[in-house]
Structure formats: structure tokens, C-alpha cells
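A.B. asks: The structure follows.
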Amino acid sequence: MLFDPRPKMDRKELFDREEEIESLKKLADKPLVLLLGIRRIGKSSILRVALNELGNGIYIDARKLYFDSGGWITNDVLIRTFEKSLNSLKGEFKEKIIDALKYIRGVKLFGVDVRFKREVLLSEVLEALNDVGVVIGIDEAQYLRFYGSKGGKEFLALLAYSYDNLRNVHFILTGSEVGLLHDFIGIDNYESPLYGRVCEELTIVPFSRELSKEFLRQGFEEVSIQISEDDIEKAVEILDGIPGWLVDFGNEYIKIKSLEKALEGVMKRAEDFLKGELKELEKRSLRYVLILKAIARGYDRWELIKDYLERNSKRVPNSRLAELLRNLEKMSWITPELKDGRKKYKIIDPVVERVLRR
Ligand code: ADP
Ligand code: MG
């Protein structure tokens, strides 16, 4: 069902994106691929469909890892998660993996289940998987910077080892916080274990207006709900081509069959979704959310943002403001644009912008 709110696993459930899935599957024979795009654009769905179709995919959610381990990803949690991912595999692929793991120290096999002992080295596991040939998809991989005590460096070292030595182990990393993921990987940073490697990138962009309308039409047709072209037009006008919000709209409209109420419902859902994200931001600095609010309300130039901040909080030095803005850009919340020769900031996602204005 197109309006199913969970990430899609099967191509049949996915609207369009054929090209993206094909490209990703082709790229999966490279050692390292980044799958980029803003929140709710469909990265997890595209990744999962591609991994399923490849038949040798292993999926790990780094964001869940981060939350499950209370903000600090330990080796133990990582190993347990890896274990769960392997145990959730099916069929011949799983049998091959079990077979390949047989001979490593620190692995116990219970019939069709794998148990890693504490001391198992992930590099050894990857070596064994190299004999099978696997594609490891790590969702929201920028969260791996919270692995270990060195900003995730140990994990990057593992990636670098795999990159250089294991021809049949391929990694696809997704990230909503595009700049953060780039920084974390650090292929241009000589201090990064991955320095100098090449990584392929695939960026997922919003649907065009026409495709967004077609998405809604097909979604409503699937559940036999009538909606006017006019309402579809207006919904897309506001929600733009971000499938996550279109799905929310579909579900709201099915419930209440009124354009205004359904749009209001989407904003409510977006607000709930954002609450968690904004709380994470506030943990790092209270000013982040203030800056986002300023920009959403039209205080979108340097002086206006600074003025808004200082009215609502305390004085902020220019260097600090520059850093905060740069970080918000890296986390894909805002983007600078040139208007009439002046630099302005814009909230990337129009739904997020609306919610922040409330
Ligand atoms: P991301 O990982 O980029 O945040 P998700 O894959 O979780 O995005 O997708 C967000 C929501 O949008 C989910 O409800 C998902 O089912 C839906 N969705 C995304 N892309 C599509 C698509 N092409 N067709 C149908 N639903 C989609
Ligand atoms: Mg996702």
C-alpha cells in the first residue's frame, strides 16, 4: 500500500524510484556508497528494496543503535545488532552465512542462529562474510560517530580495512544529515582512516509536482477513496514532493476527508516527528532551534538572525553564529541561497518550515 507509513521493503509498494533502485543496485558492487537525501525522502525504503532484491543484503539502523544504547554506541550493542541482522536473514543466503561463520573464534551457532561472544572481532566476521559476498546497508550512518571513544574512528578503520582487503564486502551508508555524514566519513580529511578512498554517491530528490500528484492519485485509488483534482493540487502545493508527508496526508485524508483538516493533521504529525529531532538539537545547543525559528519566520539574513537570537537569548559572537549556521547546513536543515546579491538562508523542507513558524 502506497500510504503505508512504514519504510517500504518491496518494489511493489514503492511509487516510482525505479531508476534510483537500479542505480543503487549497480553501485552495490563498489566498496563504499553513500545514499543521500533529506529526512522522509525515501532513503530507507530505497535501501531496503535494493538490499532485498540483491539477495545478499544485511541491514543495520545506526540511529536505532544510538537510541538503544542511550546515546553512546558500545561494541557490545553493535555486535548484538549485527547478530540480530544476520539472524533475521532468510533462506539460502542465511545458510551460506552460517556456514561461513562456522570457523571463527567467538561465534556460537545454535541451529540456524548465530551468537557472537563478546570477544569476537568484527573484522574477522567481515572476513568470513567476504567468502559469501555481502552488501551491508547502514541507515543514518552519521550516528556511528557516537561509536567508541574516538568519534567513530574505530568503525571507520574497520570500513577502511574492508575497503582495502575485502573485495566482496560492500557498504552502502545512508544519511539525512548529509554534511555530517561527509564529515564523519572524511575521505578528504587526512586524519580519517578512510582518507583518500573513493566513495560513490546517489542523492534522492523530491518528486516533481506531476509525480507528487500522481502519487496521491494512485494512493487514493488503491484504497478507493474519492478526492478532487483541486484538493490534490492544493495538497501538493503545500507538501511539495516529499513522499513521507504525502503518505501522512493520504492517511489523514482517508480518516477525515477534508483537505484543510487533513493538512492540519499532517502538520500535527510533522510537529510530533520534529519534536524528537529538535530535542536532539537542543541537547547540543539551545540556539539551534531559535535560529531555525528565526529563519522560518523570515529573519533569514545574517543580521536578522543575529538580532532575533539576541532578543530571545543572550549575546552571540559572530564566530559562534557562523559555526551554528554551518552545522545546521551540515545537518541538512537549512541551505544558503543568493537573492538580489545577498545571502539568505532557507529551511529546506517546506513542511518543516511551516511547523517551525507555528
Ligand atoms: P527516509 O529514510 O529518507 O527518511 P523513508 O524511506 O522512511 O524515508 O520514507 C518516509 C515515508 O515515505 C515512509 O512512510 C515511506 O513508506 C514513504 N515513502 C518514501 N518513498 C516512497 C515511495 N517512493 N513510494 C511510496 N512510499 C514512499
Ligand atoms: Mg530513513
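Labeling convention for the C-alpha cells: chains A, B, ... as they appear, residues from 1 per chain, ligands from 1 in order of appearance.
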Tell me which protein, DNA and RNA residues are within 10 Å of Tyr59 (chain A), counting only C-alpha atoms, leaving out same-chain ones fewer than 2 positions away, and put them as a ChimeraX atom specification.
C.D. replies: /A:44,47-48,51-52,57,61-62,81-82,84-86,88-89,135-139,172
A.B. asks: Taking only C-alpha atoms and all ligand atoms and a cut-off of 8 Å, can you tell me which residues surround ligand 1, written as a compact mmCIF listing (two decimals) with N, CA, C and O atoms, in the first residue's frame?
C.D. replies:
```txt
# COMPACT_ATOMS: atom_id res chain seq x y z
N MET A 1 0.83 -1.21 0.00
CA MET A 1 0.00 0.00 0.00
C MET A 1 0.86 1.27 0.00
O MET A 1 1.72 1.41 0.85
N LEU A 2 0.61 2.14 -0.95
CA LEU A 2 1.45 3.35 -1.04
C LEU A 2 1.40 4.19 0.23
O LEU A 2 2.39 4.81 0.62
N PHE A 3 0.22 4.22 0.88
CA PHE A 3 0.09 5.07 2.07
C PHE A 3 0.51 4.37 3.36
O PHE A 3 0.28 4.88 4.45
N ASP A 4 1.10 3.20 3.26
CA ASP A 4 1.63 2.54 4.46
C ASP A 4 2.77 3.41 5.02
O ASP A 4 3.72 3.74 4.30
N PRO A 5 2.66 3.80 6.30
CA PRO A 5 3.64 4.74 6.84
C PRO A 5 5.03 4.17 7.13
O PRO A 5 5.96 4.92 7.40
N ARG A 6 5.17 2.84 7.09
CA ARG A 6 6.50 2.28 7.38
C ARG A 6 7.38 2.36 6.14
O ARG A 6 6.88 2.45 5.02
N PRO A 7 8.72 2.29 6.35
CA PRO A 7 9.58 2.22 5.15
C PRO A 7 9.17 1.01 4.32
O PRO A 7 8.83 -0.03 4.87
N LYS A 8 9.18 1.18 3.01
CA LYS A 8 8.77 0.07 2.15
C LYS A 8 9.91 -0.93 2.01
O LYS A 8 11.08 -0.56 2.07
N GLU A 13 5.49 -1.95 -3.45
CA GLU A 13 4.86 -0.97 -2.56
C GLU A 13 5.37 0.45 -2.81
O GLU A 13 4.91 1.40 -2.19
N LEU A 14 6.35 0.54 -3.67
CA LEU A 14 7.05 1.81 -3.85
C LEU A 14 6.56 2.50 -5.12
O LEU A 14 6.40 1.87 -6.16
N PHE A 15 6.31 3.79 -5.02
CA PHE A 15 5.91 4.56 -6.18
C PHE A 15 7.17 5.10 -6.88
O PHE A 15 8.06 5.65 -6.21
N ASP A 16 7.21 4.91 -8.20
CA ASP A 16 8.35 5.43 -8.99
C ASP A 16 9.69 4.90 -8.42
O ASP A 16 9.73 3.77 -7.98
N ARG A 17 10.75 5.70 -8.49
CA ARG A 17 12.07 5.35 -7.93
C ARG A 17 12.73 4.15 -8.60
O ARG A 17 13.70 3.62 -8.03
N GLY A 37 20.05 12.27 1.05
CA GLY A 37 18.77 12.93 0.82
C GLY A 37 18.15 13.36 2.14
O GLY A 37 18.48 12.80 3.18
N ILE A 38 17.24 14.35 2.08
CA ILE A 38 16.69 14.89 3.33
C ILE A 38 15.77 13.87 4.01
O ILE A 38 15.39 12.87 3.41
N ARG A 39 15.42 14.18 5.24
CA ARG A 39 14.52 13.32 6.02
C ARG A 39 13.23 13.07 5.26
O ARG A 39 12.69 13.98 4.65
N ARG A 40 12.74 11.86 5.30
CA ARG A 40 11.44 11.45 4.77
C ARG A 40 11.36 11.43 3.23
O ARG A 40 10.28 11.40 2.65
N ILE A 41 12.50 11.45 2.58
CA ILE A 41 12.51 11.46 1.12
C ILE A 41 12.40 10.05 0.55
O ILE A 41 12.09 9.85 -0.63
N GLY A 42 12.69 9.04 1.39
CA GLY A 42 12.57 7.65 0.93
C GLY A 42 13.88 6.86 0.89
O GLY A 42 13.95 5.82 0.26
N LYS A 43 14.91 7.33 1.60
CA LYS A 43 16.20 6.62 1.59
C LYS A 43 16.09 5.21 2.15
O LYS A 43 16.56 4.26 1.54
N SER A 44 15.46 5.11 3.34
CA SER A 44 15.39 3.78 3.97
C SER A 44 14.63 2.82 3.06
O SER A 44 15.01 1.66 2.91
N SER A 45 13.56 3.31 2.46
CA SER A 45 12.75 2.46 1.59
C SER A 45 13.57 1.98 0.39
O SER A 45 13.58 0.79 0.07
N ILE A 46 14.25 2.92 -0.24
CA ILE A 46 15.05 2.57 -1.42
C ILE A 46 16.16 1.59 -1.04
O ILE A 46 16.41 0.60 -1.73
N LEU A 47 16.80 1.86 0.10
CA LEU A 47 17.87 0.96 0.56
C LEU A 47 17.33 -0.45 0.80
O LEU A 47 17.91 -1.44 0.36
N ASP A 139 21.86 2.38 7.84
CA ASP A 139 20.94 3.50 7.75
C ASP A 139 21.36 4.60 8.73
O ASP A 139 21.75 4.31 9.86
N SER A 176 20.61 11.39 6.41
CA SER A 176 19.75 12.58 6.22
C SER A 176 20.55 13.83 6.51
O SER A 176 20.22 14.91 6.03
N PHE A 215 1.29 10.32 -7.43
CA PHE A 215 1.47 9.51 -6.21
C PHE A 215 0.18 9.52 -5.38
O PHE A 215 -0.33 8.49 -4.97
N ILE A 242 7.84 15.53 -1.11
CA ILE A 242 8.50 14.67 -0.13
C ILE A 242 7.53 13.54 0.25
O ILE A 242 6.51 13.78 0.90
N PRO A 243 7.83 12.30 -0.19
CA PRO A 243 6.85 11.22 -0.05
C PRO A 243 6.37 11.00 1.38
O PRO A 243 5.22 10.67 1.59
N GLY A 244 7.25 11.19 2.36
CA GLY A 244 6.84 10.99 3.75
C GLY A 244 5.63 11.84 4.11
O GLY A 244 4.67 11.36 4.73
N TRP A 245 5.63 13.10 3.70
CA TRP A 245 4.49 13.98 4.02
C TRP A 245 3.27 13.63 3.17
O TRP A 245 2.14 13.74 3.61
N LEU A 246 3.52 13.20 1.94
CA LEU A 246 2.40 12.82 1.07
C LEU A 246 1.68 11.60 1.66
O LEU A 246 0.45 11.52 1.66
N VAL A 247 2.47 10.66 2.21
CA VAL A 247 1.88 9.48 2.86
C VAL A 247 1.04 9.92 4.07
O VAL A 247 -0.08 9.46 4.26
N ASP A 248 1.58 10.82 4.86
CA ASP A 248 0.83 11.30 6.02
C ASP A 248 -0.47 11.96 5.58
O ASP A 248 -1.53 11.76 6.18
```
A.B. asks: As a list in words, please: the residues near Glu353 (chain A) (cut-off 10 Å, only C-alpha atoms, same-chain neighbours under 4 positions excluded).
C.D. replies: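 Contacts, in chain order: Leu292, Lys293, Ile295, Ala296, Arg297, Trp333, Ile334, Lys346, Ile347, Ile348, Asp349, Arg357 and Arg358 of chain A.
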A.B. asks: To one decimal place in Å, what is the distance between CA of Asn312 (chain A) and CA of Lys279 (chain A)?
C.D. replies: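 These atoms are spaced 18.0 Å apart.
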A.B. asks: Neighbours of Arg105 (chain A) within 10 Å (only C-alpha atoms; same-chain residues fewer than 2 positions away dropped), as an mmCIF file with N, CA, C and O atoms, in the first residue's frame?
C.D. replies:
```cif
data_model
loop_
_atom_site.group_PDB
_atom_site.id
_atom_site.type_symbol
_atom_site.label_atom_id
_atom_site.label_comp_id
_atom_site.auth_asym_id
_atom_site.auth_seq_id
_atom_site.Cartn_x
_atom_site.Cartn_y
_atom_site.Cartn_z
ATOM 1 N N LEU A 101 30.522 -18.583 8.898
ATOM 2 C CA LEU A 101 30.921 -18.137 10.238
ATOM 3 C C LEU A 101 31.415 -19.282 11.120
ATOM 4 O O LEU A 101 32.014 -19.055 12.167
ATOM 5 N N LYS A 102 31.149 -20.486 10.662
ATOM 6 C CA LYS A 102 31.428 -21.691 11.454
ATOM 7 C C LYS A 102 32.809 -21.708 12.094
ATOM 8 O O LYS A 102 32.984 -22.187 13.193
ATOM 9 N N TYR A 103 33.774 -21.227 11.334
ATOM 10 C CA TYR A 103 35.149 -21.445 11.778
ATOM 11 C C TYR A 103 35.765 -20.283 12.540
ATOM 12 O O TYR A 103 36.938 -20.310 12.865
ATOM 13 N N VAL A 107 32.292 -17.295 17.808
ATOM 14 C CA VAL A 107 30.949 -17.444 17.249
ATOM 15 C C VAL A 107 30.381 -18.778 17.698
ATOM 16 O O VAL A 107 31.049 -19.809 17.640
ATOM 17 N N LYS A 108 29.147 -18.727 18.190
ATOM 18 C CA LYS A 108 28.462 -19.966 18.544
ATOM 19 C C LYS A 108 27.272 -20.078 17.616
ATOM 20 O O LYS A 108 26.630 -19.085 17.304
ATOM 21 N N PHE A 116 27.317 -14.163 18.802
ATOM 22 C CA PHE A 116 28.703 -13.713 18.905
ATOM 23 C C PHE A 116 29.068 -13.606 20.369
ATOM 24 O O PHE A 116 28.300 -13.094 21.166
ATOM 25 N N LYS A 117 30.238 -14.083 20.721
ATOM 26 C CA LYS A 117 30.727 -13.830 22.076
ATOM 27 C C LYS A 117 31.311 -12.436 22.109
ATOM 28 O O LYS A 117 31.628 -11.856 21.070
ATOM 29 N N GLU A 119 34.143 -11.330 22.730
ATOM 30 C CA GLU A 119 35.495 -11.056 22.212
ATOM 31 C C GLU A 119 35.609 -11.190 20.695
ATOM 32 O O GLU A 119 36.682 -11.014 20.135
ATOM 33 N N VAL A 120 34.496 -11.490 20.013
ATOM 34 C CA VAL A 120 34.599 -11.675 18.572
ATOM 35 C C VAL A 120 35.019 -10.359 17.905
ATOM 36 O O VAL A 120 34.589 -9.270 18.302
ATOM 37 N N LEU A 121 35.895 -10.454 16.938
ATOM 38 C CA LEU A 121 36.322 -9.242 16.234
ATOM 39 C C LEU A 121 35.458 -9.063 14.998
ATOM 40 O O LEU A 121 35.306 -10.001 14.207
ATOM 41 N N GLU A 124 37.019 -10.018 11.799
ATOM 42 C CA GLU A 124 37.010 -11.458 11.490
ATOM 43 C C GLU A 124 35.674 -11.859 10.866
ATOM 44 O O GLU A 124 35.629 -12.678 9.942
ATOM 45 N N VAL A 125 34.614 -11.289 11.421
ATOM 46 C CA VAL A 125 33.285 -11.591 10.885
ATOM 47 C C VAL A 125 33.210 -11.130 9.428
ATOM 48 O O VAL A 125 32.753 -11.861 8.548
#
```
A.B. asks: Step one, run DSSP on the backbone; step two, keep only residues of region 69-109 of chain A assigned to helix (DSSP H, G or I); then write them as a list of chain:residue names.
C.D. replies: A:Asn75, A:Asp76, A:Val77, A:Leu78, A:Ile79, A:Arg80, A:Thr81, A:Phe82, A:Glu83, A:Lys84, A:Ser85, A:Leu86, A:Asn87, A:Gly91, A:Glu92, A:Phe93, A:Lys94, A:Glu95, A:Lys96, A:Ile97, A:Ile98, A:Asp99, A:Ala100, A:Leu101
A.B. asks: Would you mind exporting C-alpha atoms of the selected residues as a PDB file, in the first residue's frame?
C.D. replies:
```pdb
ATOM      1  CA  ASN A  75      30.924  -2.533  20.961  1.00  0.00           C
ATOM      2  CA  ASP A  76      28.539  -4.878  22.698  1.00  0.00           C
ATOM      3  CA  VAL A  77      25.426  -3.156  21.292  1.00  0.00           C
ATOM      4  CA  LEU A  78      26.999  -3.074  17.850  1.00  0.00           C
ATOM      5  CA  ILE A  79      27.769  -6.784  17.960  1.00  0.00           C
ATOM      6  CA  ARG A  80      24.293  -7.661  19.234  1.00  0.00           C
ATOM      7  CA  THR A  81      22.725  -5.586  16.474  1.00  0.00           C
ATOM      8  CA  PHE A  82      24.850  -7.239  13.837  1.00  0.00           C
ATOM      9  CA  GLU A  83      23.867 -10.595  15.249  1.00  0.00           C
ATOM     10  CA  LYS A  84      20.171  -9.701  15.054  1.00  0.00           C
ATOM     11  CA  SER A  85      20.554  -8.527  11.460  1.00  0.00           C
ATOM     12  CA  LEU A  86      22.177 -11.812  10.474  1.00  0.00           C
ATOM     13  CA  ASN A  87      19.571 -13.856  12.305  1.00  0.00           C
ATOM     14  CA  GLY A  91      16.833 -18.856   3.025  1.00  0.00           C
ATOM     15  CA  GLU A  92      19.936 -19.804   1.156  1.00  0.00           C
ATOM     16  CA  PHE A  93      21.751 -16.552   1.912  1.00  0.00           C
ATOM     17  CA  LYS A  94      21.425 -17.143   5.630  1.00  0.00           C
ATOM     18  CA  GLU A  95      22.601 -20.727   5.299  1.00  0.00           C
ATOM     19  CA  LYS A  96      25.687 -19.559   3.430  1.00  0.00           C
ATOM     20  CA  ILE A  97      26.440 -17.018   6.129  1.00  0.00           C
ATOM     21  CA  ILE A  98      26.031 -19.521   8.937  1.00  0.00           C
ATOM     22  CA  ASP A  99      28.321 -21.838   7.054  1.00  0.00           C
ATOM     23  CA  ALA A 100      30.952 -19.150   6.553  1.00  0.00           C
ATOM     24  CA  LEU A 101      30.921 -18.137  10.238  1.00  0.00           C
TER      25      LEU A 101
END
```
A.B. asks: Fewer than 6 positions away in the same chain doesn't count, so skip those; otherwise give me all residues within 8 Å of His170 (chain A), counting only C-alpha atoms, as an mmCIF file with N, CA, C and O atoms, in the first residue's frame.
C.D. replies:
```
data_model
loop_
_atom_site.group_PDB
_atom_site.id
_atom_site.type_symbol
_atom_site.label_atom_id
_atom_site.label_comp_id
_atom_site.auth_asym_id
_atom_site.auth_seq_id
_atom_site.Cartn_x
_atom_site.Cartn_y
_atom_site.Cartn_z
ATOM 1 N N ALA A 28 26.154 -1.139 -5.937
ATOM 2 C CA ALA A 28 26.419 -2.027 -4.800
ATOM 3 C C ALA A 28 27.637 -2.920 -4.999
ATOM 4 O O ALA A 28 28.057 -3.603 -4.081
ATOM 5 N N ASP A 29 28.237 -2.907 -6.201
ATOM 6 C CA ASP A 29 29.474 -3.693 -6.320
ATOM 7 C C ASP A 29 30.715 -2.857 -6.011
ATOM 8 O O ASP A 29 31.839 -3.336 -6.078
ATOM 9 N N LYS A 30 30.495 -1.582 -5.641
ATOM 10 C CA LYS A 30 31.614 -0.740 -5.203
ATOM 11 C C LYS A 30 31.824 -0.967 -3.704
ATOM 12 O O LYS A 30 30.917 -1.386 -3.004
ATOM 13 N N PRO A 31 33.036 -0.650 -3.214
ATOM 14 C CA PRO A 31 33.265 -0.870 -1.787
ATOM 15 C C PRO A 31 32.411 0.031 -0.875
ATOM 16 O O PRO A 31 31.982 -0.388 0.182
ATOM 17 N N LEU A 32 32.194 1.280 -1.328
ATOM 18 C CA LEU A 32 31.522 2.221 -0.417
ATOM 19 C C LEU A 32 30.625 3.175 -1.203
ATOM 20 O O LEU A 32 31.081 3.859 -2.119
ATOM 21 N N VAL A 134 28.701 -9.945 0.479
ATOM 22 C CA VAL A 134 27.548 -9.290 1.108
ATOM 23 C C VAL A 134 27.540 -7.784 0.817
ATOM 24 O O VAL A 134 28.578 -7.192 0.518
ATOM 25 N N VAL A 135 26.336 -7.216 0.897
ATOM 26 C CA VAL A 135 26.184 -5.767 0.844
ATOM 27 C C VAL A 135 25.596 -5.341 2.183
ATOM 28 O O VAL A 135 24.509 -5.777 2.554
ATOM 29 N N ILE A 136 26.359 -4.540 2.923
ATOM 30 C CA ILE A 136 25.896 -4.124 4.247
ATOM 31 C C ILE A 136 25.359 -2.700 4.156
ATOM 32 O O ILE A 136 26.084 -1.765 3.827
ATOM 33 N N TYR A 163 37.487 -1.971 2.921
ATOM 34 C CA TYR A 163 37.661 -1.317 1.614
ATOM 35 C C TYR A 163 38.921 -1.842 0.909
ATOM 36 O O TYR A 163 38.913 -2.168 -0.271
#
```
